[in-house]
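Shown next, in structure tokens, is the structure this report addresses.
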Amino acid sequence: MHTLSALRIFLLAFGIIILFATVSLSGAAGRMFGFEDRAGASVMLSLALTLAIANAVIIVKARRTLFRNWAGVVIYPAFLVGVGAVSAYKAYTSTPPYLIENIAIKVTVHDVAGTTGDAEARVQLKPLRDDVRDIRWGGPSSTGVIKNVAVKRVNGDFTPELMQEGGQWQFSLPFAKPPKRGQRVNFLYSFDVVGAEPEDKTEWVHDVTWPTQNLEIKLIVPKERPCKTVNAYSHKAEQISVDMRDESSPLLFNDNSEVQWAKVNPQEGRSYVVVCHQ
């Protein structure tokens, strides 16, 4: 009797572990399918199926202990498959409408005091659905006055629209015809800054609020006031001192007047900061 009870407890615990593992792996597979990572999704589904089969084999061997007939042996694995399918479908349908494949930001300081400059960002997006009719983009921010905000279409059937909301610049990319899933959309936006507060450093902060594959940041400062040291770090978005982490060190070029830094798969919900100490 003690052996029977121990076996039942073991099978119950194992079944719960398999259930959670199946849900987790299936959800990961659904999200990967949404991002068109078919190879990764196939691996996740294979692992989930392997666990379900292993669990079924154990149940078959212990069916007299756990189930009274073969019906239970069939129903339980089917239940696992059903739960996995639902988890994968929910993850797939929750995939965001587009992915930022690459965003390259260049910031140029024009004067030694660091009060004027400009910024430019080149962006490549990949729609993950066929019904993306509009993309809204958060505007720039600076310690100085922002002027001459511009958005230029590089590739894609849209006409950029600029607007101000709550004193902040925003822009929209309404498509005349929604791009097909996987079709690339490219644009660049730029702006000038005047009257910025003089500081002993030049820095750029980029908030990752959307799934992003590649982030590049480049700072260019006057050679008369080059970088003495450089560093990069990240923190929880909109919470400067929360969960701060050191990032890989930026590279210096052109007599320490150019800073380059890049991040593959930056974490959504974090802010990345590149600093040139002068």
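Convention: chains lettered A, B, ... in structure tokens order; per-chain residue numbering from 1; ligands numbered from 1 as shown.
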
To test your reading of the structure, identify every residue in stretch 89-268 of chain A that backbone DSSP assigns to alpha helix (DSSP H), and report it as a ChimeraX atom specification. /A:89-93

Would you save the residues from that selection as a compact mmCIF listing (two decimals), in the first residue's frame, using C-alpha atoms?
# COMPACT_ATOMS: atom_id res chain seq x y z
CA TYR A 89 -2.48 29.50 -30.26
CA LYS A 90 -2.84 32.19 -27.60
CA ALA A 91 0.86 33.05 -27.83
CA TYR A 92 0.65 33.16 -31.63
CA THR A 93 -2.37 35.47 -31.70

Report the residues of stretch 124-163 of chain A whose backbone DSSP state falls under strand (DSSP E or B), written as a list in words.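 Put together, the selection reads Gln124, Leu125, Lys126, Pro127, Asp134, Ile135, Arg136, Trp137, Gly138, Val145, Ile146, Lys147, Asn148, Val149, Ala150, Val151, Lys152, Arg153, Val154, Asn155, Phe158, Glu161, Leu162 and Met163 of chain A.
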
Identify, on the basis of only C-alpha atoms, every residue whose closest approach to stretch 38-44 of chain A does not exceed 12 Å; exclude the query and any residue fewer than 6 positions from it along the same chain; express the result as a PyMOL selection string. chain A and resi 21-32+50-51+84+88+91-92

Quick one: residues within 8 Å of stretch 167-174 of chain A, only C-alpha atoms, excluding same-chain residues fewer than 3 positions away - as an NGL selection string? :A and (133-141 or 151 or 158-164)

For those residues, write N, CA and C atoms to a file as a PDB file, in the first residue's frame.
ATOM      1  N   ARG A 133      -2.348  48.667 -40.664  1.00  0.00           N
ATOM      2  CA  ARG A 133      -2.765  49.836 -41.445  1.00  0.00           C
ATOM      3  C   ARG A 133      -2.092  51.130 -40.999  1.00  0.00           C
ATOM      4  N   ASP A 134      -1.546  51.128 -39.796  1.00  0.00           N
ATOM      5  CA  ASP A 134      -0.933  52.355 -39.287  1.00  0.00           C
ATOM      6  C   ASP A 134       0.085  52.000 -38.213  1.00  0.00           C
ATOM      7  N   ILE A 135       1.194  52.726 -38.207  1.00  0.00           N
ATOM      8  CA  ILE A 135       2.212  52.552 -37.175  1.00  0.00           C
ATOM      9  C   ILE A 135       2.449  53.906 -36.533  1.00  0.00           C
ATOM     10  N   ARG A 136       2.297  53.955 -35.218  1.00  0.00           N
ATOM     11  CA  ARG A 136       2.531  55.201 -34.478  1.00  0.00           C
ATOM     12  C   ARG A 136       3.868  55.106 -33.753  1.00  0.00           C
ATOM     13  N   TRP A 137       4.612  56.198 -33.784  1.00  0.00           N
ATOM     14  CA  TRP A 137       5.969  56.200 -33.251  1.00  0.00           C
ATOM     15  C   TRP A 137       6.114  57.339 -32.250  1.00  0.00           C
ATOM     16  N   GLY A 138       6.648  57.020 -31.087  1.00  0.00           N
ATOM     17  CA  GLY A 138       6.881  58.029 -30.076  1.00  0.00           C
ATOM     18  C   GLY A 138       7.931  59.023 -30.529  1.00  0.00           C
ATOM     19  N   GLY A 139       7.740  60.281 -30.174  1.00  0.00           N
ATOM     20  CA  GLY A 139       8.618  61.333 -30.645  1.00  0.00           C
ATOM     21  C   GLY A 139       9.901  61.462 -29.845  1.00  0.00           C
ATOM     22  N   PRO A 140      10.795  62.355 -30.298  1.00  0.00           N
ATOM     23  CA  PRO A 140      12.093  62.555 -29.646  1.00  0.00           C
ATOM     24  C   PRO A 140      11.972  63.379 -28.375  1.00  0.00           C
ATOM     25  N   SER A 141      13.008  63.336 -27.568  1.00  0.00           N
ATOM     26  CA  SER A 141      13.069  64.166 -26.361  1.00  0.00           C
ATOM     27  C   SER A 141      14.499  64.664 -26.200  1.00  0.00           C
ATOM     28  N   VAL A 151      10.294  63.295 -40.967  1.00  0.00           N
ATOM     29  CA  VAL A 151      10.207  61.850 -41.180  1.00  0.00           C
ATOM     30  C   VAL A 151      10.237  61.612 -42.683  1.00  0.00           C
ATOM     31  N   PHE A 158       3.410  54.538 -47.619  1.00  0.00           N
ATOM     32  CA  PHE A 158       2.806  55.335 -46.555  1.00  0.00           C
ATOM     33  C   PHE A 158       3.247  56.793 -46.702  1.00  0.00           C
ATOM     34  N   THR A 159       2.481  57.675 -46.095  1.00  0.00           N
ATOM     35  CA  THR A 159       2.806  59.102 -46.055  1.00  0.00           C
ATOM     36  C   THR A 159       2.916  59.518 -44.595  1.00  0.00           C
ATOM     37  N   PRO A 160       4.099  59.874 -44.121  1.00  0.00           N
ATOM     38  CA  PRO A 160       4.275  60.216 -42.703  1.00  0.00           C
ATOM     39  C   PRO A 160       3.433  61.415 -42.293  1.00  0.00           C
ATOM     40  N   GLU A 161       2.925  61.367 -41.066  1.00  0.00           N
ATOM     41  CA  GLU A 161       2.139  62.464 -40.512  1.00  0.00           C
ATOM     42  C   GLU A 161       2.726  62.843 -39.154  1.00  0.00           C
ATOM     43  N   LEU A 162       3.126  64.104 -39.010  1.00  0.00           N
ATOM     44  CA  LEU A 162       3.688  64.614 -37.763  1.00  0.00           C
ATOM     45  C   LEU A 162       2.608  65.280 -36.932  1.00  0.00           C
ATOM     46  N   MET A 163       2.742  65.189 -35.613  1.00  0.00           N
ATOM     47  CA  MET A 163       1.763  65.810 -34.721  1.00  0.00           C
ATOM     48  C   MET A 163       2.423  66.034 -33.359  1.00  0.00           C
ATOM     49  N   GLN A 164       1.805  66.898 -32.556  1.00  0.00           N
ATOM     50  CA  GLN A 164       2.253  67.127 -31.194  1.00  0.00           C
ATOM     51  C   GLN A 164       1.131  66.756 -30.234  1.00  0.00           C
TER      52      GLN A 164
END

Can you pull out every residue within 7 Å of stretch 94-100 of chain A, counting only C-alpha atoms, but drop anything in the same chain fewer than 4 positions away, and send it as a ChimeraX atom specification? /A:31,34,90,124-129,132,211-213

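Reported to one decimal place, the separation of atom CA of A:Val154 from atom CA of A:Leu219 is 23.0 Å.
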